[in-house]
Structure formats: structure tokens, C-alpha cells
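Student: Sharing start.txt below, compact mmCIF, C-alpha atoms:
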# COMPACT_ATOMS: atom_id res chain seq x y z
CA MET A 1 133.10 146.23 113.03
CA TYR A 2 132.83 149.90 113.98
CA PRO A 3 131.83 152.48 111.36
CA ASP A 4 135.36 153.90 111.27
CA GLN A 5 136.66 150.44 110.25
CA TRP A 6 134.53 150.31 107.09
CA MET A 7 137.24 151.50 104.69
CA GLU A 8 139.76 149.14 106.25
CA TYR A 9 137.32 146.26 105.73
CA LEU A 10 136.89 147.14 102.05
CA GLU A 11 140.67 147.28 101.60
CA LEU A 12 141.16 143.89 103.29
CA ILE A 13 138.59 142.26 101.02
CA GLU A 14 140.30 143.72 97.96
CA GLN A 15 143.69 142.49 99.15
CA ALA A 16 142.30 139.01 99.75
CA ARG A 17 140.66 138.99 96.30
CA GLU A 18 143.96 139.84 94.63
CA GLU A 19 145.98 137.36 96.70
CA TRP A 20 143.61 134.44 96.09
CA GLN A 21 142.67 135.22 92.51
CA GLY A 22 142.25 132.01 90.50
CA ARG A 23 142.03 129.86 93.63
CA VAL A 24 139.22 131.27 95.77
CA ASP A 25 136.38 133.52 94.67
CA VAL A 26 136.47 136.28 97.31
CA ARG A 27 133.25 138.30 97.39
CA LEU A 28 132.32 141.42 99.31
CA GLY A 29 129.36 141.16 101.64
CA LEU A 30 128.04 142.81 104.77
CA GLU A 31 126.04 141.86 107.83
CA CYS A 32 124.20 144.86 109.26
CA ASP A 33 122.77 145.33 112.73
CA PHE A 34 119.19 146.49 112.42
CA LEU A 35 117.56 148.75 114.96
CA PRO A 36 114.54 150.91 114.16
CA GLY A 37 115.83 154.35 113.28
CA LEU A 38 119.13 153.19 111.77
CA GLU A 39 117.73 153.02 108.25
CA PRO A 40 119.34 156.25 106.91
CA PHE A 41 122.80 155.20 108.14
CA LEU A 42 122.42 151.66 106.78
CA GLU A 43 121.16 152.88 103.42
CA LYS A 44 124.18 155.14 103.07
CA GLN A 45 126.64 152.43 104.10
CA ILE A 46 125.14 149.75 101.87
CA GLY A 47 125.10 152.15 98.93
CA SER A 48 128.75 153.06 99.31
CA ALA A 49 130.19 149.76 97.98
CA SER A 50 129.46 147.10 95.37
CA LEU A 51 128.20 144.34 97.63
CA ASN A 52 127.26 140.79 96.67
CA HIS A 53 125.15 139.96 99.70
CA VAL A 54 123.67 142.06 102.50
CA LEU A 55 122.36 140.35 105.62
CA GLY A 56 120.17 142.09 108.15
CA SER A 57 120.52 141.00 111.75
CA VAL A 58 118.65 141.73 114.93
CA HIS A 59 121.07 141.03 117.78
CA PRO A 60 119.04 140.92 121.00
CA GLN A 61 122.08 140.02 123.10
CA ILE A 62 123.93 143.29 122.56
CA GLY A 63 123.81 146.04 125.16
CA GLU A 64 122.24 148.76 123.05
CA TYR A 65 119.33 146.56 121.96
CA ARG A 66 118.73 145.34 125.49
CA ARG A 67 118.81 148.85 126.94
CA ARG A 68 116.21 149.97 124.43
CA TYR A 69 113.79 147.07 124.53
CA TYR A 70 114.17 144.93 127.64
CA THR A 71 111.76 145.94 130.39
CA GLY A 72 112.16 142.89 132.61
CA ASP A 73 109.65 140.78 130.66
CA ALA A 74 111.44 138.07 128.64
CA ILE A 75 108.33 137.18 126.63
CA ALA A 76 107.71 140.78 125.62
CA TYR A 77 111.39 140.93 124.63
CA GLN A 78 110.96 137.91 122.36
CA ARG A 79 107.89 139.52 120.80
CA SER A 80 109.83 142.74 120.16
CA TYR A 81 112.56 140.73 118.46
CA PHE A 82 110.20 139.14 115.92
CA GLU A 83 108.53 142.48 115.29
CA HIS A 84 111.91 144.00 114.51
CA LEU A 85 112.84 141.05 112.29
CA ALA A 86 109.75 141.79 110.19
CA GLN A 87 110.56 145.50 110.16
CA ALA A 88 114.08 144.70 108.93
CA ALA A 89 112.65 142.83 105.95
CA GLU A 90 110.21 145.63 105.21
CA THR A 91 112.98 148.21 104.92
CA GLY A 92 114.03 146.57 101.64
CA LEU A 93 117.65 147.07 102.64
CA PHE A 94 118.58 143.42 103.10
CA ASP A 95 118.82 140.34 100.91
CA THR A 96 118.66 137.88 103.80
CA LEU A 97 117.67 137.95 107.47
CA ALA A 98 120.46 136.36 109.49
CA HIS A 99 120.02 133.71 112.20
CA PRO A 100 116.29 134.21 112.82
CA ASP A 101 115.11 133.18 116.31
CA LEU A 102 118.46 134.14 117.87
CA VAL A 103 116.48 135.62 120.76
CA LYS A 104 115.79 132.15 122.16
CA ASN A 105 119.36 132.06 123.50
CA VAL A 106 119.13 135.34 125.43
CA PHE A 107 116.78 133.97 128.10
CA PRO A 108 116.81 130.25 127.29
CA ASN A 109 114.84 129.30 130.40
CA GLU A 110 112.02 131.54 129.18
CA TRP A 111 111.92 130.14 125.64
CA GLN A 112 108.67 128.32 124.97
CA ILE A 113 107.98 128.79 121.30
CA GLU A 114 104.23 128.28 121.57
CA ARG A 115 103.94 131.41 123.76
CA VAL A 116 105.20 133.61 120.92
CA MET A 117 104.02 131.55 117.96
CA ALA A 118 101.36 134.05 116.94
CA ASP A 119 104.05 136.77 116.85
CA ILE A 120 106.37 134.53 114.84
CA GLU A 121 103.67 133.70 112.30
CA ARG A 122 102.72 137.36 111.88
CA ALA A 123 106.39 138.21 111.34
CA LEU A 124 106.82 135.41 108.80
CA ASP A 125 103.74 136.59 106.89
CA ARG A 126 105.25 140.06 106.63
CA ILE A 127 108.69 138.73 105.67
CA ALA A 128 107.21 136.47 103.00
CA ALA A 129 105.40 139.46 101.50
CA THR A 130 108.74 141.26 100.98
CA GLY A 131 110.47 138.34 99.20
CA THR A 132 113.42 138.58 101.59
CA ALA A 133 115.34 135.34 102.12
CA MET A 134 116.02 133.92 105.58
CA GLU A 135 119.21 132.25 106.74
CA VAL A 136 119.51 128.79 108.25
CA ASN A 137 122.49 129.29 110.54
CA THR A 138 124.25 126.16 111.75
CA SER A 139 126.14 127.93 114.55
CA GLY A 140 122.96 127.64 116.58
CA LEU A 141 123.98 124.06 117.29
CA LEU A 142 126.77 125.47 119.51
CA LYS A 143 124.57 127.82 121.52
CA VAL A 144 122.76 127.43 124.84
CA ILE A 145 119.75 125.97 123.05
CA PRO A 146 121.61 123.64 120.68
CA GLU A 147 119.54 123.78 117.51
CA LEU A 148 119.69 125.57 114.20
CA ASN A 149 118.78 129.23 113.98
CA PRO A 150 115.92 128.97 113.20
CA GLY A 151 114.78 125.65 114.57
CA ARG A 152 112.68 123.13 112.70
CA THR A 153 109.29 124.51 113.75
CA ILE A 154 110.03 127.92 112.24
CA LEU A 155 111.66 126.35 109.17
CA GLU A 156 108.46 124.43 108.51
CA LYS A 157 106.43 127.64 108.73
CA MET A 158 108.90 129.39 106.45
CA HIS A 159 108.51 126.63 103.88
CA ALA A 160 104.73 126.86 104.07
CA ARG A 161 105.03 130.54 103.14
CA GLY A 162 107.53 130.01 100.32
CA ILE A 163 110.32 131.92 102.05
CA PRO A 164 113.67 131.20 100.33
CA VAL A 165 116.53 129.95 102.52
CA VAL A 166 120.25 130.69 102.55
CA LEU A 167 122.79 128.53 104.42
CA GLY A 168 125.26 130.11 106.83
CA ALA A 169 127.66 128.79 109.44
CA ASP A 170 128.85 131.99 111.16
CA ALA A 171 132.32 130.63 110.52
CA HIS A 172 134.46 132.89 112.67
CA VAL A 173 137.24 130.33 112.29
CA PRO A 174 138.24 128.38 109.13
CA GLU A 175 137.32 125.03 110.67
CA ARG A 176 133.64 126.02 110.78
CA VAL A 177 133.26 126.89 107.10
CA ALA A 178 130.19 124.93 105.87
CA ALA A 179 129.93 123.21 109.26
CA THR A 180 127.10 120.62 109.40
CA TYR A 181 125.77 121.75 106.01
CA GLU A 182 125.05 118.19 104.86
CA ASP A 183 122.85 117.45 107.87
CA THR A 184 121.10 120.79 107.41
CA LEU A 185 120.43 120.09 103.74
CA ASP A 186 118.93 116.73 104.75
CA LEU A 187 116.63 118.48 107.21
CA LEU A 188 115.55 121.07 104.66
CA GLU A 189 114.66 118.25 102.26
CA GLN A 190 112.62 116.51 104.97
CA ILE A 191 110.70 119.75 105.50
CA GLY A 192 110.01 120.04 101.79
CA TYR A 193 112.62 122.42 100.45
CA SER A 194 114.19 121.36 97.15
CA HIS A 195 116.45 124.39 96.61
CA ILE A 196 118.68 126.77 98.55
CA ASN A 197 119.99 130.19 97.58
CA PHE A 198 123.00 132.48 97.51
CA PHE A 199 123.57 136.00 96.20
CA LEU A 200 125.77 137.52 93.48
CA ASN A 201 125.65 141.27 92.96
CA ARG A 202 122.64 141.19 95.30
CA GLU A 203 120.70 138.99 92.89
CA ARG A 204 119.37 135.77 94.37
CA GLN A 205 120.77 132.60 92.78
CA THR A 206 118.88 129.34 93.32
CA ILE A 207 120.44 125.88 93.23
CA ALA A 208 119.03 122.42 93.86
CA ILE A 209 119.83 120.85 97.21
CA ASP A 210 121.31 117.84 95.40
CA THR A 211 123.72 120.17 93.58
CA ALA A 212 124.68 121.88 96.82
CA ARG A 213 125.25 118.54 98.53
CA SER A 214 127.47 117.35 95.64
CA SER A 215 129.58 120.48 95.87
CA LEU A 216 130.28 119.79 99.54
CA ARG A 217 131.50 116.28 98.75
CA ALA A 218 133.65 117.28 95.78
What do you get writing this file as C-alpha cells?
Tutor:
Amino acid sequence: MYPDQWMEYLELIEQAREEWQGRVDVRLGLECDFLPGLEPFLEKQIGSASLNHVLGSVHPQIGEYRRRYYTGDAIAYQRSYFEHLAQAAETGLFDTLAHPDLVKNVFPNEWQIERVMADIERALDRIAATGTAMEVNTSGLLKVIPELNPGRTILEKMHARGIPVVLGADAHVPERVAATYEDTLDLLEQIGYSHINFFLNRERQTIAIDTARSSLRA
């Protein structure tokens, strides 16, 4: 979505809310691209509407990000990504960090998590200190490296730091709404999580995994 489409987006959400009233609870949310230096613009945009959930995303595959930060060294690029993920949390602008570890799919042949593990752990320490949630995005199963974003290793380190998790499917088509959520809930339980989260009026709501699983089967 381009900035000049913002008002159109708000109008479409309002139309959908009115059309589906009593059948589907339509809520206004926003996923924001984060780049260092964009904070004033993002703060203004986020403050211009009554949002339920604001996700912050670092998208290392897009041209602008790559032009700024890729110098020909894929490992340095991965390190920059996790640094920026931590910076995004520290802005205080976002409720949740979307699809963490997305960078592994940019240069998949160069992804060896142990080479950047120290950077990941430093980023997670900083994120945990902010209280920002992190998304478990099931669309990662469809990418070049077919695993959740983030994968199990990072999820385990998130759990060790008490970082709350939010489920997402990046459902760009109706058929992918809540895709593979049951399997993901099972994995989160194996790791040690007992609850997941969602947001209403930008306030984090926590529900038991068993409750979430029951709602999927209803």
C-alpha cells in the first residue's frame, strides 16, 4: 500500500465492517515497513487512525532496503536485518514484530543460523526488554526455506526470554486464513508456550493455547 492509498484503505475497512456487522468482527490494523529514519512518518500515520494492531516489519527483500544495506556480503546483510528488527521494537511504535527471520529467504544458500546466532540473541534480548510481541508466521512454510518465520531455534530462544507470540498466516487469499495454525500451536506447546496473544485497541490479549485450538475446531 502506497501512502496515497491510506484513506482508501480506511474507507474499505469501514465498508467491510458495516457489510459484515453481526457476522464477522472486522478490525482495523496496519503492517508497517520499518527502516531507520522512517520513525516520524510512521508515528504520524499510526496516530491518524484508531488501530487495533500495529505490526512492524523489516522486509529485506524489497529494493529500497537492499540498496541501502546490501554490500555484497550476505552474512553482514543478515546481521543488519536483526539489528533493525531490534531497533523496530525499541521505537515503541509497534505491538508485534512480523515474520522475524524473513531474511533467511533472501540468500537461502547463505543461511546458516549459527553464523549469526550471537546477533540474533542480542536482538532478542533487546526485543524482550521492550515487551514487544513477535509473530509466528505460518506462510514461511511456503517459502524457499520451508519453515515457520521464525523457525524453531529462534522460537525456543524467544520462549526462554519470555517474549509473547502472536499467530499470523499472511493470508493474502481466503484459503490461507489460519493456515496450519493447529500444527503451529502444537509446536509452541512443545517449546513450552502455554498461551498466545492478539490485540484489541492495541492492548495485548492473552489466551490459552487450548482455547485457541478449540476455537479453530469449532
Student: So how far away is atom CA of A:Glu64 from atom CA of A:Glu43, in Å?
Tutor: 20.1 Å
Student: Env of stretch 131-143 of chain A: 6 Å cut, atoms = all atoms listed in the file, seq-sep filter 3 positions within chain, self excluded. Answer as a PyMOL selection string.
Tutor: chain A and resi 95-99+128+146-149+164-170
Student: Find the distance between atom CA of A:Glu121 and atom CA of A:Ala89 and write it in Å to one decimal.
Tutor: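 So the two atoms, atom CA of A:Glu121 and atom CA of A:Ala89, lie 14.3 Å apart.
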Student: Tell me which of A:Phe41, A:Leu216, A:Leu10, A:Ile120 sits closest to A:Val177, counting only C-alpha atoms.
Tutor: A:Leu216
Student: Just to confirm, what's the straight-line distance from atom CA of A:Ala88 to atom CA of A:Ile196 in Å (one decimal)?
Tutor: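 About the pair atom CA of A:Ala88 and atom CA of A:Ile196: they are 21.2 Å apart.
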Student: Take every atom of stretch 138-148 of chain A listed in the file, pad by 5 Å on each side, and give me the axis-aligned box centre and edge lengths in Å, one decimal, as lines of an AutoDock Vina configuration file.
Tutor:
center_x = 123.2
center_y = 125.8
center_z = 118.3
size_x = 17.2
size_y = 14.3
size_z = 23.1
Student: Using all atoms listed in the file for the distances, tell me which of A:Arg161, A:Arg79, A:Arg66, A:Arg213 is nearest to A:Leu35.
Tutor: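 Distance minimum relative to A:Leu35 lands on A:Arg66.
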